[in-house]
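Colleague: Contents are PDB, C-alpha atoms and all ligand atoms; file name final-v4.pdb:
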ATOM      1  CA  MET A   1     -22.265 -73.153  25.316  1.00  0.00           C
ATOM      2  CA  ALA A   2     -23.715 -76.124  23.458  1.00  0.00           C
ATOM      3  CA  SER A   3     -27.488 -76.199  23.142  1.00  0.00           C
ATOM      4  CA  GLY A   4     -29.121 -78.724  25.393  1.00  0.00           C
ATOM      5  CA  GLU A   5     -26.885 -77.935  28.339  1.00  0.00           C
ATOM      6  CA  LYS A   6     -28.716 -77.057  31.455  1.00  0.00           C
ATOM      7  CA  VAL A   7     -29.404 -73.467  32.422  1.00  0.00           C
ATOM      8  CA  ASP A   8     -29.508 -72.761  36.158  1.00  0.00           C
ATOM      9  CA  TYR A   9     -30.848 -69.216  35.989  1.00  0.00           C
ATOM     10  CA  VAL A  10     -32.487 -66.896  33.470  1.00  0.00           C
ATOM     11  CA  PHE A  11     -32.099 -63.199  34.262  1.00  0.00           C
ATOM     12  CA  LYS A  12     -33.979 -60.533  32.342  1.00  0.00           C
ATOM     13  CA  VAL A  13     -32.094 -57.278  31.803  1.00  0.00           C
ATOM     14  CA  VAL A  14     -33.556 -54.253  30.000  1.00  0.00           C
ATOM     15  CA  LEU A  15     -31.835 -51.539  28.002  1.00  0.00           C
ATOM     16  CA  ILE A  16     -33.306 -48.060  28.332  1.00  0.00           C
ATOM     17  CA  GLY A  17     -32.363 -44.518  27.387  1.00  0.00           C
ATOM     18  CA  ASP A  18     -32.948 -42.033  24.580  1.00  0.00           C
ATOM     19  CA  SER A  19     -32.961 -42.989  20.939  1.00  0.00           C
ATOM     20  CA  ALA A  20     -29.546 -43.222  19.209  1.00  0.00           C
ATOM     21  CA  VAL A  21     -27.433 -43.488  22.365  1.00  0.00           C
ATOM     22  CA  GLY A  22     -26.246 -46.931  21.209  1.00  0.00           C
ATOM     23  CA  LYS A  23     -28.470 -49.412  23.070  1.00  0.00           C
ATOM     24  CA  SER A  24     -28.859 -51.777  20.112  1.00  0.00           C
ATOM     25  CA  GLN A  25     -25.130 -51.690  19.354  1.00  0.00           C
ATOM     26  CA  ILE A  26     -24.257 -52.374  22.997  1.00  0.00           C
ATOM     27  CA  LEU A  27     -26.517 -55.401  22.790  1.00  0.00           C
ATOM     28  CA  ALA A  28     -25.066 -56.508  19.442  1.00  0.00           C
ATOM     29  CA  ARG A  29     -21.589 -56.246  20.947  1.00  0.00           C
ATOM     30  CA  PHE A  30     -22.509 -58.257  24.027  1.00  0.00           C
ATOM     31  CA  ALA A  31     -24.670 -60.929  22.395  1.00  0.00           C
ATOM     32  CA  ARG A  32     -22.852 -61.473  19.085  1.00  0.00           C
ATOM     33  CA  ASN A  33     -19.651 -59.418  19.326  1.00  0.00           C
ATOM     34  CA  GLU A  34     -20.845 -57.332  16.392  1.00  0.00           C
ATOM     35  CA  PHE A  35     -21.075 -53.608  15.714  1.00  0.00           C
ATOM     36  CA  SER A  36     -22.584 -51.599  12.890  1.00  0.00           C
ATOM     37  CA  LEU A  37     -22.154 -47.872  12.234  1.00  0.00           C
ATOM     38  CA  ASP A  38     -25.385 -47.559  10.261  1.00  0.00           C
ATOM     39  CA  SER A  39     -27.677 -49.506  12.548  1.00  0.00           C
ATOM     40  CA  LYS A  40     -31.337 -49.183  11.684  1.00  0.00           C
ATOM     41  CA  ALA A  41     -33.781 -48.154  14.363  1.00  0.00           C
ATOM     42  CA  THR A  42     -34.950 -51.257  16.157  1.00  0.00           C
ATOM     43  CA  ILE A  43     -38.344 -52.566  15.091  1.00  0.00           C
ATOM     44  CA  GLY A  44     -40.532 -54.606  17.429  1.00  0.00           C
ATOM     45  CA  VAL A  45     -39.661 -55.493  21.014  1.00  0.00           C
ATOM     46  CA  GLU A  46     -36.776 -57.915  20.853  1.00  0.00           C
ATOM     47  CA  PHE A  47     -34.431 -59.648  23.164  1.00  0.00           C
ATOM     48  CA  GLN A  48     -31.214 -61.529  22.670  1.00  0.00           C
ATOM     49  CA  THR A  49     -29.606 -64.032  24.959  1.00  0.00           C
ATOM     50  CA  ARG A  50     -26.140 -65.021  25.973  1.00  0.00           C
ATOM     51  CA  THR A  51     -25.318 -67.728  28.462  1.00  0.00           C
ATOM     52  CA  LEU A  52     -22.395 -67.294  30.806  1.00  0.00           C
ATOM     53  CA  VAL A  53     -20.995 -68.997  33.844  1.00  0.00           C
ATOM     54  CA  ILE A  54     -21.105 -67.280  37.235  1.00  0.00           C
ATOM     55  CA  ASP A  55     -19.861 -69.173  40.304  1.00  0.00           C
ATOM     56  CA  HIS A  56     -19.982 -72.485  38.378  1.00  0.00           C
ATOM     57  CA  LYS A  57     -23.644 -71.931  37.505  1.00  0.00           C
ATOM     58  CA  SER A  58     -24.957 -71.431  34.014  1.00  0.00           C
ATOM     59  CA  VAL A  59     -26.765 -68.090  33.752  1.00  0.00           C
ATOM     60  CA  LYS A  60     -28.759 -67.143  30.703  1.00  0.00           C
ATOM     61  CA  ALA A  61     -28.957 -63.374  30.262  1.00  0.00           C
ATOM     62  CA  GLN A  62     -32.070 -62.354  28.370  1.00  0.00           C
ATOM     63  CA  ILE A  63     -31.402 -58.782  27.259  1.00  0.00           C
ATOM     64  CA  TRP A  64     -34.342 -56.705  26.034  1.00  0.00           C
ATOM     65  CA  ASP A  65     -33.930 -53.846  23.593  1.00  0.00           C
ATOM     66  CA  THR A  66     -36.535 -51.118  23.066  1.00  0.00           C
ATOM     67  CA  ALA A  67     -38.468 -51.042  19.844  1.00  0.00           C
ATOM     68  CA  GLY A  68     -37.791 -47.417  19.017  1.00  0.00           C
ATOM     69  CA  GLN A  69     -40.264 -46.617  21.813  1.00  0.00           C
ATOM     70  CA  GLU A  70     -37.773 -44.300  23.418  1.00  0.00           C
ATOM     71  CA  ARG A  71     -40.153 -41.395  23.771  1.00  0.00           C
ATOM     72  CA  TYR A  72     -41.134 -40.623  27.304  1.00  0.00           C
ATOM     73  CA  ARG A  73     -43.673 -43.091  28.691  1.00  0.00           C
ATOM     74  CA  ALA A  74     -43.907 -45.020  25.402  1.00  0.00           C
ATOM     75  CA  VAL A  75     -42.102 -48.067  26.783  1.00  0.00           C
ATOM     76  CA  THR A  76     -44.795 -50.414  28.014  1.00  0.00           C
ATOM     77  CA  SER A  77     -44.918 -52.007  31.431  1.00  0.00           C
ATOM     78  CA  ALA A  78     -44.534 -55.452  29.794  1.00  0.00           C
ATOM     79  CA  TYR A  79     -41.057 -54.382  28.794  1.00  0.00           C
ATOM     80  CA  TYR A  80     -40.056 -53.823  32.419  1.00  0.00           C
ATOM     81  CA  ARG A  81     -41.963 -56.785  33.850  1.00  0.00           C
ATOM     82  CA  GLY A  82     -39.704 -59.309  35.565  1.00  0.00           C
ATOM     83  CA  ALA A  83     -36.539 -57.328  34.826  1.00  0.00           C
ATOM     84  CA  LEU A  84     -33.872 -57.918  37.461  1.00  0.00           C
ATOM     85  CA  GLY A  85     -31.318 -55.622  35.891  1.00  0.00           C
ATOM     86  CA  ALA A  86     -31.143 -52.533  33.692  1.00  0.00           C
ATOM     87  CA  LEU A  87     -28.586 -50.641  31.663  1.00  0.00           C
ATOM     88  CA  LEU A  88     -29.570 -46.977  31.702  1.00  0.00           C
ATOM     89  CA  VAL A  89     -27.746 -45.592  28.680  1.00  0.00           C
ATOM     90  CA  TYR A  90     -26.849 -42.053  27.571  1.00  0.00           C
ATOM     91  CA  ASP A  91     -24.449 -40.773  24.905  1.00  0.00           C
ATOM     92  CA  ILE A  92     -21.448 -38.886  26.342  1.00  0.00           C
ATOM     93  CA  THR A  93     -21.589 -36.552  23.309  1.00  0.00           C
ATOM     94  CA  LYS A  94     -25.300 -35.668  23.768  1.00  0.00           C
ATOM     95  CA  ARG A  95     -25.999 -33.638  26.890  1.00  0.00           C
ATOM     96  CA  GLN A  96     -29.746 -34.048  26.458  1.00  0.00           C
ATOM     97  CA  SER A  97     -29.514 -37.825  26.653  1.00  0.00           C
ATOM     98  CA  PHE A  98     -27.884 -37.437  30.080  1.00  0.00           C
ATOM     99  CA  ASP A  99     -30.388 -34.792  31.203  1.00  0.00           C
ATOM    100  CA  HIS A 100     -33.176 -37.300  30.466  1.00  0.00           C
ATOM    101  CA  ILE A 101     -31.668 -39.965  32.719  1.00  0.00           C
ATOM    102  CA  PRO A 102     -33.618 -38.918  35.863  1.00  0.00           C
ATOM    103  CA  ARG A 103     -36.933 -39.497  34.154  1.00  0.00           C
ATOM    104  CA  TRP A 104     -35.854 -42.837  32.720  1.00  0.00           C
ATOM    105  CA  LEU A 105     -34.805 -43.782  36.218  1.00  0.00           C
ATOM    106  CA  GLU A 106     -38.117 -42.683  37.649  1.00  0.00           C
ATOM    107  CA  GLU A 107     -39.992 -44.691  35.036  1.00  0.00           C
ATOM    108  CA  LEU A 108     -37.803 -47.730  35.661  1.00  0.00           C
ATOM    109  CA  ARG A 109     -38.246 -47.557  39.415  1.00  0.00           C
ATOM    110  CA  GLY A 110     -41.978 -47.165  38.954  1.00  0.00           C
ATOM    111  CA  HIS A 111     -42.273 -50.372  36.930  1.00  0.00           C
ATOM    112  CA  ALA A 112     -39.517 -52.778  37.848  1.00  0.00           C
ATOM    113  CA  ASP A 113     -38.620 -55.133  40.686  1.00  0.00           C
ATOM    114  CA  LYS A 114     -37.672 -53.152  43.778  1.00  0.00           C
ATOM    115  CA  ASN A 115     -34.279 -54.891  43.988  1.00  0.00           C
ATOM    116  CA  ILE A 116     -33.440 -54.150  40.360  1.00  0.00           C
ATOM    117  CA  VAL A 117     -29.710 -53.761  39.697  1.00  0.00           C
ATOM    118  CA  ILE A 118     -29.064 -50.638  37.645  1.00  0.00           C
ATOM    119  CA  MET A 119     -25.946 -49.654  35.728  1.00  0.00           C
ATOM    120  CA  LEU A 120     -25.669 -46.102  34.394  1.00  0.00           C
ATOM    121  CA  VAL A 121     -23.822 -46.335  31.072  1.00  0.00           C
ATOM    122  CA  GLY A 122     -22.173 -43.414  29.274  1.00  0.00           C
ATOM    123  CA  ASN A 123     -21.720 -44.818  25.765  1.00  0.00           C
ATOM    124  CA  LYS A 124     -19.542 -43.645  22.809  1.00  0.00           C
ATOM    125  CA  SER A 125     -16.461 -43.094  24.974  1.00  0.00           C
ATOM    126  CA  ASP A 126     -14.443 -43.369  21.754  1.00  0.00           C
ATOM    127  CA  LEU A 127     -15.744 -39.890  20.820  1.00  0.00           C
ATOM    128  CA  GLU A 128     -13.705 -38.093  23.494  1.00  0.00           C
ATOM    129  CA  ASP A 129     -13.306 -34.963  21.297  1.00  0.00           C
ATOM    130  CA  GLU A 130     -17.082 -34.510  21.244  1.00  0.00           C
ATOM    131  CA  ARG A 131     -17.640 -35.176  24.926  1.00  0.00           C
ATOM    132  CA  ALA A 132     -20.530 -33.124  26.419  1.00  0.00           C
ATOM    133  CA  VAL A 133     -20.962 -34.961  29.751  1.00  0.00           C
ATOM    134  CA  SER A 134     -18.036 -35.171  32.174  1.00  0.00           C
ATOM    135  CA  THR A 135     -17.202 -38.444  33.845  1.00  0.00           C
ATOM    136  CA  GLU A 136     -17.359 -36.645  37.213  1.00  0.00           C
ATOM    137  CA  ASP A 137     -20.933 -35.398  36.701  1.00  0.00           C
ATOM    138  CA  ALA A 138     -22.114 -38.874  35.797  1.00  0.00           C
ATOM    139  CA  LYS A 139     -20.220 -40.513  38.648  1.00  0.00           C
ATOM    140  CA  GLU A 140     -21.722 -38.055  41.126  1.00  0.00           C
ATOM    141  CA  PHE A 141     -25.241 -38.713  39.844  1.00  0.00           C
ATOM    142  CA  ALA A 142     -24.683 -42.466  40.010  1.00  0.00           C
ATOM    143  CA  GLU A 143     -23.437 -42.283  43.609  1.00  0.00           C
ATOM    144  CA  LYS A 144     -26.371 -40.129  44.656  1.00  0.00           C
ATOM    145  CA  GLU A 145     -28.840 -42.567  43.095  1.00  0.00           C
ATOM    146  CA  ASN A 146     -27.012 -45.739  44.125  1.00  0.00           C
ATOM    147  CA  LEU A 147     -26.296 -46.919  40.601  1.00  0.00           C
ATOM    148  CA  PHE A 148     -23.277 -48.667  39.187  1.00  0.00           C
ATOM    149  CA  PHE A 149     -21.540 -46.559  36.550  1.00  0.00           C
ATOM    150  CA  LEU A 150     -19.278 -47.202  33.548  1.00  0.00           C
ATOM    151  CA  GLU A 151     -18.412 -45.446  30.317  1.00  0.00           C
ATOM    152  CA  THR A 152     -18.496 -47.784  27.325  1.00  0.00           C
ATOM    153  CA  SER A 153     -17.768 -47.869  23.640  1.00  0.00           C
ATOM    154  CA  ALA A 154     -19.804 -50.394  21.687  1.00  0.00           C
ATOM    155  CA  LEU A 155     -17.637 -49.475  18.700  1.00  0.00           C
ATOM    156  CA  GLN A 156     -14.335 -50.271  20.412  1.00  0.00           C
ATOM    157  CA  ALA A 157     -15.811 -52.968  22.658  1.00  0.00           C
ATOM    158  CA  THR A 158     -14.689 -51.048  25.753  1.00  0.00           C
ATOM    159  CA  ASN A 159     -16.390 -51.957  29.044  1.00  0.00           C
ATOM    160  CA  VAL A 160     -19.442 -53.544  27.393  1.00  0.00           C
ATOM    161  CA  GLU A 161     -18.537 -56.935  28.803  1.00  0.00           C
ATOM    162  CA  SER A 162     -17.836 -55.412  32.251  1.00  0.00           C
ATOM    163  CA  ALA A 163     -21.132 -53.563  32.310  1.00  0.00           C
ATOM    164  CA  PHE A 164     -23.142 -56.748  31.762  1.00  0.00           C
ATOM    165  CA  GLN A 165     -20.854 -58.860  33.944  1.00  0.00           C
ATOM    166  CA  THR A 166     -21.281 -56.461  36.870  1.00  0.00           C
ATOM    167  CA  VAL A 167     -25.050 -56.334  36.552  1.00  0.00           C
ATOM    168  CA  LEU A 168     -25.378 -60.097  36.136  1.00  0.00           C
ATOM    169  CA  SER A 169     -23.106 -60.922  39.083  1.00  0.00           C
ATOM    170  CA  GLU A 170     -25.014 -58.526  41.310  1.00  0.00           C
ATOM    171  CA  ILE A 171     -28.312 -60.097  40.239  1.00  0.00           C
ATOM    172  CA  PHE A 172     -26.756 -63.482  40.925  1.00  0.00           C
ATOM    173  CA  LYS A 173     -25.791 -62.407  44.466  1.00  0.00           C
ATOM    174  CA  ILE A 174     -29.343 -61.272  45.162  1.00  0.00           C
ATOM    175  CA  HIS A 175     -31.282 -64.100  43.514  1.00  0.00           C
ATOM    176  CA  SER A 176     -29.181 -67.270  43.797  1.00  0.00           C
TER     177      SER A 176
HETATM  178  P1  LIG B   1     -30.220 -46.933  19.927  1.00  0.00           P
HETATM  179  O1  LIG B   1     -31.263 -46.097  19.225  1.00  0.00           O
HETATM  180  O2  LIG B   1     -30.008 -46.460  21.339  1.00  0.00           O
HETATM  181  O3  LIG B   1     -30.482 -48.412  19.839  1.00  0.00           O
HETATM  182  O4  LIG B   1     -28.825 -46.629  19.188  1.00  0.00           O
HETATM  183  P2  LIG B   1     -28.062 -47.527  18.094  1.00  0.00           P
HETATM  184  O5  LIG B   1     -27.436 -48.705  18.729  1.00  0.00           O
HETATM  185  O6  LIG B   1     -28.944 -47.767  16.939  1.00  0.00           O
HETATM  186  O7  LIG B   1     -26.867 -46.539  17.709  1.00  0.00           O
HETATM  187  C1  LIG B   1     -27.145 -45.239  17.176  1.00  0.00           C
HETATM  188  C2  LIG B   1     -25.945 -44.789  16.348  1.00  0.00           C
HETATM  189  O8  LIG B   1     -24.799 -44.614  17.189  1.00  0.00           O
HETATM  190  C3  LIG B   1     -25.539 -45.796  15.273  1.00  0.00           C
HETATM  191  O9  LIG B   1     -25.084 -45.075  14.143  1.00  0.00           O
HETATM  192  C4  LIG B   1     -24.384 -46.528  15.909  1.00  0.00           C
HETATM  193  O10 LIG B   1     -23.498 -47.069  14.971  1.00  0.00           O
HETATM  194  C5  LIG B   1     -23.727 -45.429  16.741  1.00  0.00           C
HETATM  195  N1  LIG B   1     -23.033 -45.953  17.920  1.00  0.00           N
HETATM  196  C6  LIG B   1     -23.502 -46.848  18.836  1.00  0.00           C
HETATM  197  N2  LIG B   1     -22.575 -47.094  19.778  1.00  0.00           N
HETATM  198  C7  LIG B   1     -21.486 -46.344  19.458  1.00  0.00           C
HETATM  199  C8  LIG B   1     -20.203 -46.168  20.055  1.00  0.00           C
HETATM  200  O11 LIG B   1     -19.834 -46.745  21.077  1.00  0.00           O
HETATM  201  N3  LIG B   1     -19.355 -45.281  19.434  1.00  0.00           N
HETATM  202  C9  LIG B   1     -19.710 -44.614  18.296  1.00  0.00           C
HETATM  203  N4  LIG B   1     -18.802 -43.770  17.775  1.00  0.00           N
HETATM  204  N5  LIG B   1     -20.904 -44.756  17.703  1.00  0.00           N
HETATM  205  C10 LIG B   1     -21.791 -45.617  18.278  1.00  0.00           C
HETATM  206 MG    MG B   2     -32.134 -49.373  19.042  1.00  0.00          MG
END
If you convert what's in this file into structure tokens, what do you get?
Ligand code: GDP
Ligand code: MG
Modeller:
Amino acid sequence: MASGEKVDYVFKVVLIGDSAVGKSQILARFARNEFSLDSKATIGVEFQTRTLVIDHKSVKAQIWDTAGQERYRAVTSAYYRGALGALLVYDITKRQSFDHIPRWLEELRGHADKNIVIMLVGNKSDLEDERAVSTEDAKEFAEKENLFFLETSALQATNVESAFQTVLSEIFKIHS
């Protein structure tokens, strides 16, 4: 979209989950259609934007990425403030990153808008041979907790667009 065009809505969406699950690469894929295999740990709280059209309205997604603050309780409340959506990311090849999801969820629900739209994201679906978390386990958890769920590959650009599209359209339904 050309700069100077009007934006009807700005929606803040946060990325959370353990270090190295692929949050920054998911964002790079969505915001710039880029991917890097040797991505450096993110420094400083940052967000990137991408403007898309939903129901003939221009919606600017402001996507926040953690600053390598992925240790428990290190993400500040400012990070969550005003967030209307969240991608809760684990790595399908790292069981521990999935086991930590309940506490990320608890932290998110403790800080964010009560109507926040949450998508559970199992990233690195291209590494099927190294899979340590079954799709069924994740799906069951997501249903129990009322979360949307998708498996993505930032590397292969699988489902990254859908994950954001789903979250942003749901936010749009609630807030427009
Ligand atoms: P973050 O700490 O959660 O932001 O994780 P990064 O985005 O920095 O990614 C950590 C590592 O995983 C990097 O080496 C990435 O290149 C790699 N990575 C991220 N997404 C994928 C993916 O979908 N597939 C594969 N195979 N590697 C990925
Ligand atoms: Mg990162």
Colleague: Restricting the calculation to all atoms listed in the file, which member of A:His175, A:Lys23, A:Lys6, A:Lys114 is positioned closest to Asp91 of chain A?
Modeller: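 Of A:His175, A:Lys23, A:Lys6, A:Lys114, the one nearest Asp91 of chain A is A:Lys23, counting all atoms listed in the file.
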Colleague: Write out as an MDAnalysis selection string each polymer residue (protein, DNA or RNA) that has an atom no more than 6 Å from ligand LIG 1 (chain B), with all atoms listed in the file counted.
Modeller: chainID A and resid 19:25 36:41 123:124 126:127 153:155
Colleague: Using Å and a single decimal, report how far atom CA of Ser58 of chain A sits from atom CA of Ser176 of chain A.
Modeller: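 Atom CA of Ser58 of chain A lies at a distance of 11.4 Å from atom CA of Ser176 of chain A.
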Colleague: Written as a ChimeraX atom specification, what is the full residue list that the PyMOL selection byres (((chain A and resi 13) around 6) and not hetatm) yields on the file shown?
Modeller: /A:12,14,63,83-86
Colleague: Tell me which protein, DNA and RNA residues are within 9 Å of Asp18 of chain A, counting all atoms listed in the file, leaving out same-chain ones fewer than 3 positions away, and put them as a tab-separated table (two decimals) with C-alpha atoms, in the frame of the given file.
Modeller:
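Okay, selection16.tsv is ready:
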chain	number	residue	atom	x	y	z
A	21	VAL	CA	-27.43	-43.49	22.36
A	22	GLY	CA	-26.25	-46.93	21.21
A	23	LYS	CA	-28.47	-49.41	23.07
A	70	GLU	CA	-37.77	-44.30	23.42
A	71	ARG	CA	-40.15	-41.40	23.77
A	72	TYR	CA	-41.13	-40.62	27.30
A	89	VAL	CA	-27.75	-45.59	28.68
A	90	TYR	CA	-26.85	-42.05	27.57
A	91	ASP	CA	-24.45	-40.77	24.90
A	96	GLN	CA	-29.75	-34.05	26.46
A	97	SER	CA	-29.51	-37.83	26.65
A	98	PHE	CA	-27.88	-37.44	30.08
A	100	HIS	CA	-33.18	-37.30	30.47
A	101	ILE	CA	-31.67	-39.97	32.72
A	104	TRP	CA	-35.85	-42.84	32.72
Colleague: Which of these residues is nearest to ligand MG 2 (chain B), using all atoms listed in the file: A:Glu140, A:Glu107, A:Glu170, A:Glu46?
Modeller: A:Glu46
Colleague: Exactly which residues make up the result of the PyMOL selection byres (((chain A and resi 158) around 12) and not hetatm) on this file, given as a list in words?
Modeller: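 Given this file, the PyMOL selection byres (((chain A and resi 158) around 12) and not hetatm) evaluates to Ile26, Arg29, Phe30, Asn33, Val121, Gly122, Asn123, Lys124, Ser125, Asp126, Leu150, Glu151, Thr152, Ser153, Ala154, Leu155, Gln156, Ala157, Asn159, Val160, Glu161, Ser162, Ala163 and Phe164 of chain A.
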Colleague: Write a file of the just-selected residues containing C-alpha atoms, as a CSV table (one decimal), in the coordinates of the input.
Modeller:
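As written to disk, result_21.csv reads:
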chain,number,residue,atom,x,y,z
A,26,ILE,CA,-24.3,-52.4,23.0
A,29,ARG,CA,-21.6,-56.2,20.9
A,30,PHE,CA,-22.5,-58.3,24.0
A,33,ASN,CA,-19.7,-59.4,19.3
A,121,VAL,CA,-23.8,-46.3,31.1
A,122,GLY,CA,-22.2,-43.4,29.3
A,123,ASN,CA,-21.7,-44.8,25.8
A,124,LYS,CA,-19.5,-43.6,22.8
A,125,SER,CA,-16.5,-43.1,25.0
A,126,ASP,CA,-14.4,-43.4,21.8
A,150,LEU,CA,-19.3,-47.2,33.5
A,151,GLU,CA,-18.4,-45.4,30.3
A,152,THR,CA,-18.5,-47.8,27.3
A,153,SER,CA,-17.8,-47.9,23.6
A,154,ALA,CA,-19.8,-50.4,21.7
A,155,LEU,CA,-17.6,-49.5,18.7
A,156,GLN,CA,-14.3,-50.3,20.4
A,157,ALA,CA,-15.8,-53.0,22.7
A,159,ASN,CA,-16.4,-52.0,29.0
A,160,VAL,CA,-19.4,-53.5,27.4
A,161,GLU,CA,-18.5,-56.9,28.8
A,162,SER,CA,-17.8,-55.4,32.3
A,163,ALA,CA,-21.1,-53.6,32.3
A,164,PHE,CA,-23.1,-56.7,31.8
Colleague: Quick one: everything within 9 Å of Thr51 of chain A, counting all atoms listed in the file, minus sequence neighbours fewer than 2 positions away in the same chain. Send it as a list in words.
Modeller: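 Counting all atoms listed in the file, the residues come to Met1, Val7, Val10, Thr49, Val53, Ser58, Val59, Lys60, Ala61 and Gln62 of chain A.
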Colleague: When you count only C-alpha atoms and all ligand atoms, which of these residues is closest to ligand MG 2 (chain B): A:Ala67, A:Leu88, A:Leu52, A:Val167?
Modeller: A:Ala67
Colleague: So which one's closest to ligand MG 2 (chain B), A:Glu34, A:Leu168, A:Asp65, A:Asp99? Using all atoms listed in the file, please.
Modeller: A:Asp65
Colleague: Choose the residue, out of A:Gln165, A:Leu108, A:Arg95, A:Ile116, that has the smallest atom-to-atom separation from Val133 of chain A; count all atoms listed in the file.
Modeller: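 Closest to Val133 of chain A, using all atoms listed in the file: A:Arg95.
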Colleague: Tell me which of A:Thr76, A:Ser134, A:Asn146, A:Ser169 sits closest to Lys94 of chain A, counting all atoms listed in the file.
Modeller: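 Of A:Thr76, A:Ser134, A:Asn146, A:Ser169, the one nearest Lys94 of chain A is A:Ser134, counting all atoms listed in the file.
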Colleague: State, in Å with one decimal place, the distance from atom CA of Ala31 of chain A to atom CA of Asp8 of chain A.
Modeller: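 Computing the Euclidean distance for atom CA of Ala31 of chain A and atom CA of Asp8 of chain A yields 18.8 Å.
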Colleague: Please produce segment 121-135 of chain A, completed to N, CA and C atoms, as a PDB file, keeping the file's coordinate frame.
Modeller:
ATOM      1  N   VAL A 121     -24.820 -46.096  32.115  1.00  0.00           N
ATOM      2  CA  VAL A 121     -23.822 -46.335  31.072  1.00  0.00           C
ATOM      3  C   VAL A 121     -23.668 -45.099  30.180  1.00  0.00           C
ATOM      4  N   GLY A 122     -22.484 -44.526  30.186  1.00  0.00           N
ATOM      5  CA  GLY A 122     -22.173 -43.414  29.274  1.00  0.00           C
ATOM      6  C   GLY A 122     -21.506 -44.007  28.043  1.00  0.00           C
ATOM      7  N   ASN A 123     -22.254 -44.144  26.955  1.00  0.00           N
ATOM      8  CA  ASN A 123     -21.720 -44.818  25.765  1.00  0.00           C
ATOM      9  C   ASN A 123     -21.054 -43.825  24.800  1.00  0.00           C
ATOM     10  N   LYS A 124     -20.304 -44.369  23.854  1.00  0.00           N
ATOM     11  CA  LYS A 124     -19.542 -43.645  22.809  1.00  0.00           C
ATOM     12  C   LYS A 124     -18.314 -42.977  23.406  1.00  0.00           C
ATOM     13  N   SER A 125     -17.662 -43.643  24.349  1.00  0.00           N
ATOM     14  CA  SER A 125     -16.461 -43.094  24.974  1.00  0.00           C
ATOM     15  C   SER A 125     -15.305 -42.946  23.981  1.00  0.00           C
ATOM     16  N   ASP A 126     -15.461 -43.556  22.801  1.00  0.00           N
ATOM     17  CA  ASP A 126     -14.443 -43.369  21.754  1.00  0.00           C
ATOM     18  C   ASP A 126     -14.483 -41.966  21.166  1.00  0.00           C
ATOM     19  N   LEU A 127     -15.616 -41.244  21.376  1.00  0.00           N
ATOM     20  CA  LEU A 127     -15.744 -39.890  20.820  1.00  0.00           C
ATOM     21  C   LEU A 127     -15.350 -38.829  21.851  1.00  0.00           C
ATOM     22  N   GLU A 128     -14.178 -38.986  22.431  1.00  0.00           N
ATOM     23  CA  GLU A 128     -13.705 -38.093  23.494  1.00  0.00           C
ATOM     24  C   GLU A 128     -13.706 -36.615  23.047  1.00  0.00           C
ATOM     25  N   ASP A 129     -13.364 -36.347  21.806  1.00  0.00           N
ATOM     26  CA  ASP A 129     -13.306 -34.963  21.297  1.00  0.00           C
ATOM     27  C   ASP A 129     -14.666 -34.282  21.296  1.00  0.00           C
ATOM     28  N   GLU A 130     -15.733 -35.087  21.286  1.00  0.00           N
ATOM     29  CA  GLU A 130     -17.082 -34.510  21.244  1.00  0.00           C
ATOM     30  C   GLU A 130     -17.788 -34.603  22.590  1.00  0.00           C
ATOM     31  N   ARG A 131     -17.036 -34.955  23.618  1.00  0.00           N
ATOM     32  CA  ARG A 131     -17.640 -35.176  24.926  1.00  0.00           C
ATOM     33  C   ARG A 131     -18.430 -33.954  25.416  1.00  0.00           C
ATOM     34  N   ALA A 132     -19.673 -34.194  25.900  1.00  0.00           N
ATOM     35  CA  ALA A 132     -20.530 -33.124  26.419  1.00  0.00           C
ATOM     36  C   ALA A 132     -20.965 -33.415  27.853  1.00  0.00           C
ATOM     37  N   VAL A 133     -20.613 -34.588  28.371  1.00  0.00           N
ATOM     38  CA  VAL A 133     -20.962 -34.961  29.751  1.00  0.00           C
ATOM     39  C   VAL A 133     -19.676 -35.435  30.427  1.00  0.00           C
ATOM     40  N   SER A 134     -19.282 -34.765  31.510  1.00  0.00           N
ATOM     41  CA  SER A 134     -18.036 -35.171  32.174  1.00  0.00           C
ATOM     42  C   SER A 134     -18.245 -36.460  32.948  1.00  0.00           C
ATOM     43  N   THR A 135     -17.159 -37.201  33.078  1.00  0.00           N
ATOM     44  CA  THR A 135     -17.202 -38.444  33.845  1.00  0.00           C
ATOM     45  C   THR A 135     -17.593 -38.146  35.289  1.00  0.00           C
TER      46      THR A 135
END
